[in-house]
$ cat model12.txt   # compact mmCIF, N, CA and C atoms
# COMPACT_ATOMS: atom_id res chain seq x y z
N THR A 1 19.00 -0.78 140.17
CA THR A 1 18.95 -0.19 141.50
C THR A 1 19.36 -1.26 142.50
N GLY A 2 20.24 -0.83 143.42
CA GLY A 2 20.73 -1.78 144.42
C GLY A 2 19.77 -1.91 145.58
N THR A 3 20.19 -2.75 146.55
CA THR A 3 19.33 -3.00 147.70
C THR A 3 19.21 -1.80 148.62
N ASP A 4 20.19 -0.86 148.51
CA ASP A 4 20.12 0.31 149.39
C ASP A 4 19.44 1.50 148.72
N GLY A 5 18.87 1.32 147.53
CA GLY A 5 18.12 2.37 146.85
C GLY A 5 18.97 3.25 145.93
N ARG A 6 20.25 2.98 145.82
CA ARG A 6 21.12 3.76 144.93
C ARG A 6 21.28 3.04 143.60
N THR A 7 21.47 3.83 142.54
CA THR A 7 21.68 3.22 141.23
C THR A 7 23.06 2.63 141.17
N ARG A 8 23.29 1.85 140.14
CA ARG A 8 24.58 1.22 139.97
C ARG A 8 25.67 2.28 139.81
N ALA A 9 25.40 3.38 139.03
CA ALA A 9 26.37 4.45 138.83
C ALA A 9 26.71 5.11 140.16
N GLU A 10 25.70 5.30 141.02
CA GLU A 10 25.93 5.92 142.33
C GLU A 10 26.80 5.02 143.19
N GLN A 11 26.59 3.76 143.07
CA GLN A 11 27.35 2.81 143.87
C GLN A 11 28.79 2.72 143.38
N GLU A 12 29.01 2.77 142.05
CA GLU A 12 30.34 2.56 141.49
C GLU A 12 31.23 3.81 141.57
N ASN A 13 30.67 5.01 141.42
CA ASN A 13 31.50 6.21 141.38
C ASN A 13 30.85 7.36 142.15
N PRO A 14 30.84 7.33 143.45
CA PRO A 14 30.19 8.38 144.23
C PRO A 14 30.88 9.74 144.08
N ALA A 15 32.20 9.78 143.84
CA ALA A 15 32.91 11.06 143.71
C ALA A 15 32.47 11.79 142.44
N LEU A 16 32.32 11.04 141.35
CA LEU A 16 31.89 11.64 140.09
C LEU A 16 30.46 12.15 140.22
N LEU A 17 29.62 11.38 140.88
CA LEU A 17 28.24 11.78 141.09
C LEU A 17 28.18 13.07 141.91
N ALA A 18 29.00 13.18 142.94
CA ALA A 18 29.02 14.38 143.78
C ALA A 18 29.48 15.59 142.96
N LYS A 19 30.46 15.37 142.09
CA LYS A 19 30.95 16.45 141.23
C LYS A 19 29.83 16.95 140.32
N TYR A 20 29.10 16.02 139.70
CA TYR A 20 28.01 16.40 138.80
C TYR A 20 26.90 17.13 139.56
N ARG A 21 26.63 16.68 140.77
CA ARG A 21 25.60 17.35 141.56
C ARG A 21 26.02 18.78 141.89
N ASP A 22 27.28 18.98 142.20
CA ASP A 22 27.80 20.33 142.48
C ASP A 22 27.67 21.22 141.23
N GLN A 23 28.01 20.65 140.07
CA GLN A 23 27.91 21.42 138.83
C GLN A 23 26.46 21.80 138.54
N VAL A 24 25.55 20.89 138.77
CA VAL A 24 24.12 21.17 138.56
C VAL A 24 23.67 22.28 139.50
N ALA A 25 24.12 22.22 140.74
CA ALA A 25 23.74 23.24 141.71
C ALA A 25 24.28 24.62 141.28
N GLU A 26 25.53 24.66 140.81
CA GLU A 26 26.10 25.92 140.34
C GLU A 26 25.32 26.46 139.15
N GLN A 27 24.97 25.58 138.23
CA GLN A 27 24.22 26.00 137.05
C GLN A 27 22.83 26.53 137.43
N MET A 28 22.25 25.95 138.44
CA MET A 28 20.94 26.42 138.89
C MET A 28 21.05 27.82 139.49
N VAL A 29 22.14 28.08 140.23
CA VAL A 29 22.36 29.42 140.80
C VAL A 29 22.52 30.43 139.66
N VAL A 30 23.32 30.08 138.64
CA VAL A 30 23.52 30.97 137.49
C VAL A 30 22.20 31.18 136.77
N CYS A 31 21.45 30.12 136.58
CA CYS A 31 20.16 30.20 135.89
C CYS A 31 19.20 31.13 136.64
N ASN A 32 19.16 31.02 137.93
CA ASN A 32 18.29 31.88 138.73
C ASN A 32 18.74 33.35 138.64
N ALA A 33 20.05 33.59 138.67
CA ALA A 33 20.56 34.96 138.55
C ALA A 33 20.20 35.54 137.18
N LEU A 34 20.32 34.72 136.14
CA LEU A 34 19.96 35.19 134.80
C LEU A 34 18.46 35.46 134.69
N ARG A 35 17.66 34.65 135.34
CA ARG A 35 16.22 34.85 135.33
C ARG A 35 15.87 36.19 135.98
N VAL A 36 16.51 36.49 137.12
CA VAL A 36 16.27 37.75 137.82
C VAL A 36 16.71 38.93 136.95
N GLU A 37 17.87 38.82 136.31
CA GLU A 37 18.37 39.89 135.44
C GLU A 37 17.46 40.08 134.24
N ASN A 38 16.96 39.00 133.68
CA ASN A 38 16.04 39.06 132.55
C ASN A 38 14.76 39.80 132.94
N GLU A 39 14.23 39.50 134.11
CA GLU A 39 13.03 40.18 134.58
C GLU A 39 13.28 41.67 134.77
N ARG A 40 14.45 42.01 135.32
CA ARG A 40 14.81 43.41 135.52
C ARG A 40 14.89 44.14 134.17
N LEU A 41 15.55 43.52 133.21
CA LEU A 41 15.69 44.15 131.89
C LEU A 41 14.35 44.28 131.18
N GLN A 42 13.49 43.30 131.34
CA GLN A 42 12.16 43.39 130.74
C GLN A 42 11.37 44.55 131.34
N ALA A 43 11.55 44.77 132.62
CA ALA A 43 10.88 45.90 133.27
C ALA A 43 11.42 47.22 132.74
N VAL A 44 12.74 47.31 132.54
CA VAL A 44 13.34 48.52 132.00
C VAL A 44 12.82 48.78 130.59
N VAL A 45 12.77 47.74 129.76
CA VAL A 45 12.25 47.88 128.39
C VAL A 45 10.80 48.32 128.43
N GLY A 46 10.02 47.73 129.32
CA GLY A 46 8.62 48.13 129.45
C GLY A 46 8.48 49.59 129.82
N ASP A 47 9.33 50.06 130.76
CA ASP A 47 9.30 51.47 131.14
C ASP A 47 9.65 52.36 129.95
N LEU A 48 10.66 51.97 129.20
CA LEU A 48 11.08 52.76 128.05
C LEU A 48 9.99 52.81 126.98
N GLN A 49 9.31 51.70 126.80
CA GLN A 49 8.25 51.66 125.79
C GLN A 49 7.06 52.53 126.18
N ARG A 50 6.86 52.69 127.46
CA ARG A 50 5.74 53.51 127.93
C ARG A 50 6.09 55.00 127.95
N THR A 51 7.37 55.34 127.75
CA THR A 51 7.80 56.73 127.78
C THR A 51 7.72 57.33 126.38
N PRO A 52 6.84 58.31 126.17
CA PRO A 52 6.70 58.91 124.83
C PRO A 52 7.99 59.55 124.33
N ALA A 53 8.75 60.13 125.23
CA ALA A 53 10.00 60.79 124.82
C ALA A 53 10.95 59.78 124.20
N ALA A 54 10.94 58.56 124.71
CA ALA A 54 11.83 57.54 124.16
C ALA A 54 11.45 57.25 122.72
N HIS A 55 10.15 57.21 122.43
CA HIS A 55 9.71 56.98 121.05
C HIS A 55 10.17 58.12 120.15
N ASP A 56 10.05 59.35 120.66
CA ASP A 56 10.48 60.51 119.88
C ASP A 56 11.98 60.47 119.63
N ASP A 57 12.74 60.13 120.68
CA ASP A 57 14.19 60.04 120.53
C ASP A 57 14.56 58.98 119.51
N VAL A 58 13.94 57.84 119.59
CA VAL A 58 14.23 56.75 118.65
C VAL A 58 13.87 57.19 117.24
N ALA A 59 12.73 57.82 117.07
CA ALA A 59 12.32 58.27 115.73
C ALA A 59 13.29 59.32 115.20
N THR A 60 13.71 60.23 116.06
CA THR A 60 14.68 61.26 115.65
C THR A 60 15.99 60.62 115.23
N LEU A 61 16.45 59.67 116.02
CA LEU A 61 17.71 58.99 115.70
C LEU A 61 17.59 58.20 114.40
N ARG A 62 16.46 57.56 114.19
CA ARG A 62 16.27 56.81 112.93
C ARG A 62 16.28 57.76 111.74
N ASP A 63 15.62 58.91 111.88
CA ASP A 63 15.63 59.89 110.80
C ASP A 63 17.05 60.37 110.51
N GLU A 64 17.81 60.63 111.56
CA GLU A 64 19.19 61.09 111.40
C GLU A 64 20.04 60.02 110.73
N VAL A 65 19.87 58.77 111.13
CA VAL A 65 20.62 57.68 110.50
C VAL A 65 20.27 57.58 109.02
N ALA A 66 18.99 57.68 108.69
CA ALA A 66 18.57 57.62 107.28
C ALA A 66 19.17 58.78 106.49
N ARG A 67 19.15 59.98 107.09
CA ARG A 67 19.73 61.14 106.40
C ARG A 67 21.22 60.96 106.16
N LEU A 68 21.94 60.48 107.19
CA LEU A 68 23.38 60.28 107.06
C LEU A 68 23.71 59.17 106.06
N ARG A 69 22.90 58.14 106.03
CA ARG A 69 23.13 57.09 105.03
C ARG A 69 22.96 57.64 103.62
N GLY A 70 21.94 58.46 103.41
CA GLY A 70 21.74 59.07 102.10
C GLY A 70 22.90 59.97 101.73
N GLU A 71 23.34 60.78 102.68
CA GLU A 71 24.48 61.66 102.43
C GLU A 71 25.73 60.85 102.12
N ASN A 72 25.91 59.76 102.84
CA ASN A 72 27.07 58.89 102.62
C ASN A 72 27.03 58.31 101.21
N ARG A 73 25.84 57.86 100.76
CA ARG A 73 25.71 57.33 99.40
C ARG A 73 26.07 58.39 98.36
N GLU A 74 25.58 59.62 98.57
CA GLU A 74 25.88 60.71 97.64
C GLU A 74 27.37 61.00 97.59
N LEU A 75 28.00 61.05 98.75
CA LEU A 75 29.44 61.34 98.80
C LEU A 75 30.25 60.22 98.13
N HIS A 76 29.82 58.98 98.35
CA HIS A 76 30.52 57.86 97.70
C HIS A 76 30.40 57.96 96.19
N SER A 77 29.21 58.32 95.69
CA SER A 77 29.04 58.41 94.24
C SER A 77 29.85 59.58 93.68
N GLU A 78 29.94 60.69 94.42
CA GLU A 78 30.77 61.80 93.97
C GLU A 78 32.24 61.41 93.95
N LEU A 79 32.66 60.73 94.97
CA LEU A 79 34.06 60.32 95.08
C LEU A 79 34.42 59.29 94.01
N ALA A 80 33.47 58.48 93.62
CA ALA A 80 33.74 57.46 92.60
C ALA A 80 34.11 58.08 91.26
N ALA A 81 33.73 59.33 91.04
CA ALA A 81 34.05 60.00 89.77
C ALA A 81 35.54 60.32 89.66
N PHE A 82 36.25 60.32 90.77
CA PHE A 82 37.67 60.65 90.77
C PHE A 82 38.49 59.38 90.84
N ASP A 83 39.44 59.26 89.90
CA ASP A 83 40.32 58.10 89.90
C ASP A 83 41.60 58.44 90.66
N PRO A 84 42.43 57.45 90.95
CA PRO A 84 43.67 57.70 91.70
C PRO A 84 44.59 58.71 91.00
N GLN A 85 44.57 58.75 89.66
CA GLN A 85 45.42 59.69 88.94
C GLN A 85 45.04 61.13 89.27
N PHE A 86 43.74 61.38 89.46
CA PHE A 86 43.28 62.72 89.83
C PHE A 86 43.93 63.16 91.14
N PHE A 87 43.94 62.28 92.12
CA PHE A 87 44.50 62.62 93.42
C PHE A 87 46.01 62.81 93.33
N GLU A 88 46.67 62.04 92.48
CA GLU A 88 48.11 62.22 92.26
C GLU A 88 48.37 63.60 91.66
N GLU A 89 47.53 64.02 90.72
CA GLU A 89 47.69 65.34 90.12
C GLU A 89 47.49 66.44 91.16
N ILE A 90 46.53 66.26 92.04
CA ILE A 90 46.30 67.24 93.11
C ILE A 90 47.54 67.35 94.00
N GLU A 91 48.11 66.21 94.37
CA GLU A 91 49.31 66.22 95.21
C GLU A 91 50.46 66.91 94.48
N ASP A 92 50.61 66.65 93.17
CA ASP A 92 51.66 67.31 92.39
C ASP A 92 51.46 68.82 92.38
N LEU A 93 50.20 69.25 92.19
CA LEU A 93 49.91 70.69 92.17
C LEU A 93 50.20 71.32 93.52
N LYS A 94 49.87 70.65 94.60
CA LYS A 94 50.15 71.18 95.93
C LYS A 94 51.67 71.34 96.13
N PHE A 95 52.43 70.35 95.67
CA PHE A 95 53.88 70.42 95.79
C PHE A 95 54.43 71.58 94.96
N GLN A 96 53.97 71.69 93.70
CA GLN A 96 54.44 72.76 92.82
C GLN A 96 54.07 74.13 93.39
N HIS A 97 52.90 74.25 93.99
CA HIS A 97 52.49 75.51 94.61
C HIS A 97 53.44 75.86 95.75
N GLY A 98 53.78 74.87 96.56
CA GLY A 98 54.70 75.11 97.67
C GLY A 98 56.06 75.57 97.18
N VAL A 99 56.54 74.96 96.12
CA VAL A 99 57.83 75.36 95.54
C VAL A 99 57.74 76.80 95.03
N ALA A 100 56.63 77.14 94.35
CA ALA A 100 56.46 78.50 93.82
C ALA A 100 56.38 79.52 94.95
N VAL A 101 55.70 79.20 96.03
CA VAL A 101 55.60 80.12 97.16
C VAL A 101 56.98 80.35 97.77
N ASP A 102 57.74 79.27 97.92
CA ASP A 102 59.10 79.43 98.46
C ASP A 102 59.96 80.30 97.55
N ALA A 103 59.88 80.06 96.23
CA ALA A 103 60.67 80.85 95.28
C ALA A 103 60.23 82.32 95.33
N ASN A 104 58.95 82.57 95.39
CA ASN A 104 58.43 83.93 95.46
C ASN A 104 58.95 84.64 96.71
N THR A 105 58.93 83.95 97.82
CA THR A 105 59.41 84.54 99.08
C THR A 105 60.90 84.88 98.97
N ARG A 106 61.68 83.95 98.43
CA ARG A 106 63.13 84.21 98.28
C ARG A 106 63.38 85.38 97.34
N LEU A 107 62.63 85.47 96.24
CA LEU A 107 62.83 86.57 95.29
C LEU A 107 62.43 87.91 95.91
N ARG A 108 61.37 87.95 96.66
CA ARG A 108 60.95 89.19 97.33
C ARG A 108 62.02 89.65 98.33
N GLU A 109 62.53 88.66 99.10
CA GLU A 109 63.56 89.01 100.08
C GLU A 109 64.81 89.54 99.37
N GLU A 110 65.18 88.93 98.26
CA GLU A 110 66.35 89.38 97.50
C GLU A 110 66.11 90.77 96.92
N LEU A 111 64.90 91.02 96.40
CA LEU A 111 64.57 92.33 95.86
C LEU A 111 64.66 93.41 96.94
N GLU A 112 64.13 93.09 98.11
CA GLU A 112 64.19 94.05 99.22
C GLU A 112 65.63 94.31 99.64
N ARG A 113 66.44 93.25 99.67
CA ARG A 113 67.85 93.40 100.04
C ARG A 113 68.58 94.29 99.03
N LEU A 114 68.34 94.03 97.74
CA LEU A 114 69.01 94.82 96.70
C LEU A 114 68.54 96.28 96.73
N ALA A 115 67.23 96.48 96.94
CA ALA A 115 66.71 97.84 96.99
C ALA A 115 67.34 98.60 98.15
N THR A 116 67.45 97.95 99.30
CA THR A 116 68.07 98.58 100.47
C THR A 116 69.55 98.84 100.20
N GLU A 117 70.23 97.89 99.61
CA GLU A 117 71.66 97.99 99.35
C GLU A 117 71.97 99.15 98.40
N HIS A 118 71.11 99.41 97.44
CA HIS A 118 71.35 100.45 96.45
C HIS A 118 70.59 101.73 96.74
N GLY A 119 69.93 101.78 97.88
CA GLY A 119 69.24 103.00 98.29
C GLY A 119 68.00 103.28 97.45
N ILE A 120 67.40 102.26 96.92
CA ILE A 120 66.20 102.43 96.11
C ILE A 120 65.00 102.09 96.97
N ARG A 121 64.00 102.97 96.89
CA ARG A 121 62.76 102.68 97.62
C ARG A 121 61.97 101.66 96.81
N SER A 122 61.59 100.54 97.43
CA SER A 122 60.85 99.49 96.73
C SER A 122 59.43 99.94 96.53
N THR A 123 59.00 99.94 95.28
CA THR A 123 57.62 100.31 94.97
C THR A 123 56.82 99.09 94.55
N LEU A 124 57.37 97.93 94.80
CA LEU A 124 56.70 96.69 94.43
C LEU A 124 55.50 96.49 95.35
N ASP A 125 54.33 96.50 94.75
CA ASP A 125 53.11 96.32 95.54
C ASP A 125 52.28 95.20 94.91
N LEU A 126 52.91 94.06 94.81
CA LEU A 126 52.21 92.89 94.28
C LEU A 126 51.71 92.04 95.43
N PRO A 127 50.62 91.35 95.21
CA PRO A 127 50.15 90.47 96.30
C PRO A 127 51.17 89.37 96.57
N ALA A 128 51.41 89.13 97.82
CA ALA A 128 52.32 88.06 98.21
C ALA A 128 51.61 86.74 98.07
N VAL A 129 52.28 85.77 97.50
CA VAL A 129 51.70 84.45 97.32
C VAL A 129 52.00 83.63 98.57
N GLY A 130 50.96 83.26 99.29
CA GLY A 130 51.13 82.42 100.46
C GLY A 130 51.77 83.10 101.64
N GLY A 131 51.95 84.40 101.59
CA GLY A 131 52.58 85.10 102.68
C GLY A 131 51.68 86.18 103.24
N ALA A 132 52.22 87.00 104.14
CA ALA A 132 51.42 88.05 104.77
C ALA A 132 51.73 89.42 104.22
N ARG A 133 52.50 89.52 103.08
CA ARG A 133 52.85 90.81 102.51
C ARG A 133 51.95 91.12 101.34
N GLY A 134 51.99 92.34 100.88
CA GLY A 134 51.27 92.73 99.68
C GLY A 134 49.82 93.07 99.97
N THR A 135 49.14 93.58 98.95
CA THR A 135 47.78 94.05 99.14
C THR A 135 46.78 92.91 99.28
N ALA A 136 47.04 91.77 98.63
CA ALA A 136 46.10 90.65 98.73
C ALA A 136 46.04 90.11 100.16
N ALA A 137 47.17 90.14 100.84
CA ALA A 137 47.19 89.63 102.20
C ALA A 137 46.44 90.57 103.15
N ARG A 138 46.30 91.87 102.76
CA ARG A 138 45.57 92.81 103.61
C ARG A 138 44.11 92.87 103.28
N GLY A 139 43.69 92.10 102.26
CA GLY A 139 42.27 92.04 101.96
C GLY A 139 41.81 93.07 100.96
N THR A 140 42.74 93.81 100.28
CA THR A 140 42.37 94.75 99.22
C THR A 140 43.00 94.32 97.93
N ARG A 141 42.45 94.76 96.82
CA ARG A 141 43.01 94.40 95.52
C ARG A 141 43.15 95.62 94.67
$ encode --input "model12.txt" --output "structure tokens"
Amino acid sequence: TGTDGRTRAEQENPALLAKYRDQVAEQMVVCNALRVENERLQAVVGDLQRTPAAHDDVATLRDEVARLRGENRELHSELAAFDPQFFEEIEDLKFQHGVAVDANTRLREELERLATEHGIRSTLDLPAVGGARGTAARGTR
């Protein structure tokens, strides 16, 4: 400590000391703001804890989460039974079905064209596959 009551660091670098004091002051302002916010949040939590409906809501949500987790586990175990080859077969079947529906539609249209061209009344009453014609599409069999 010097003769004027300042430390050696204060005497040698007053600009650095002023900078540090400013930083400390800023940190104290932030600290006080955080303290006020913490008190506010603690009051909100206290209010929520005193509200019976909040307890019911939390319990309901926990029950729902537990139920969904159980359902998720069941679905995962069911899905684990299927290998990638199974899904490839499903995709192949969907493609083949689409091709068959297109062929069926083209054949029906050709049959109708030929029947009209030759003056024959079409008596074909088969259910249309994937279309809106035939008895299956009208909901009767």
$ atom_distance --input "model12.txt" --atom1 "atom C of Lys19 (chain A)" --atom2 "CA of Cys31 (chain A)"
17.0 Å
$ atom_distance --input "model12.txt" --atom1 "atom C of Ile120 (chain A)" --atom2 "CA of Val99 (chain A)"
27.7 Å
$ atom_distance --input "model12.txt" --atom1 "CA of Arg108 (chain A)" --atom2 "atom C of Arg121 (chain A)"
12.5 Å
$ axis_aligned_box --input "model12.txt" --around "region 101-104 of chain A" --padding-each-side "6 Å" --output "lines of an AutoDock Vina configuration file"
center_x = 58.1
center_y = 81.9
center_z = 96.9
size_x = 17.1
size_y = 17.4
size_z = 15.2
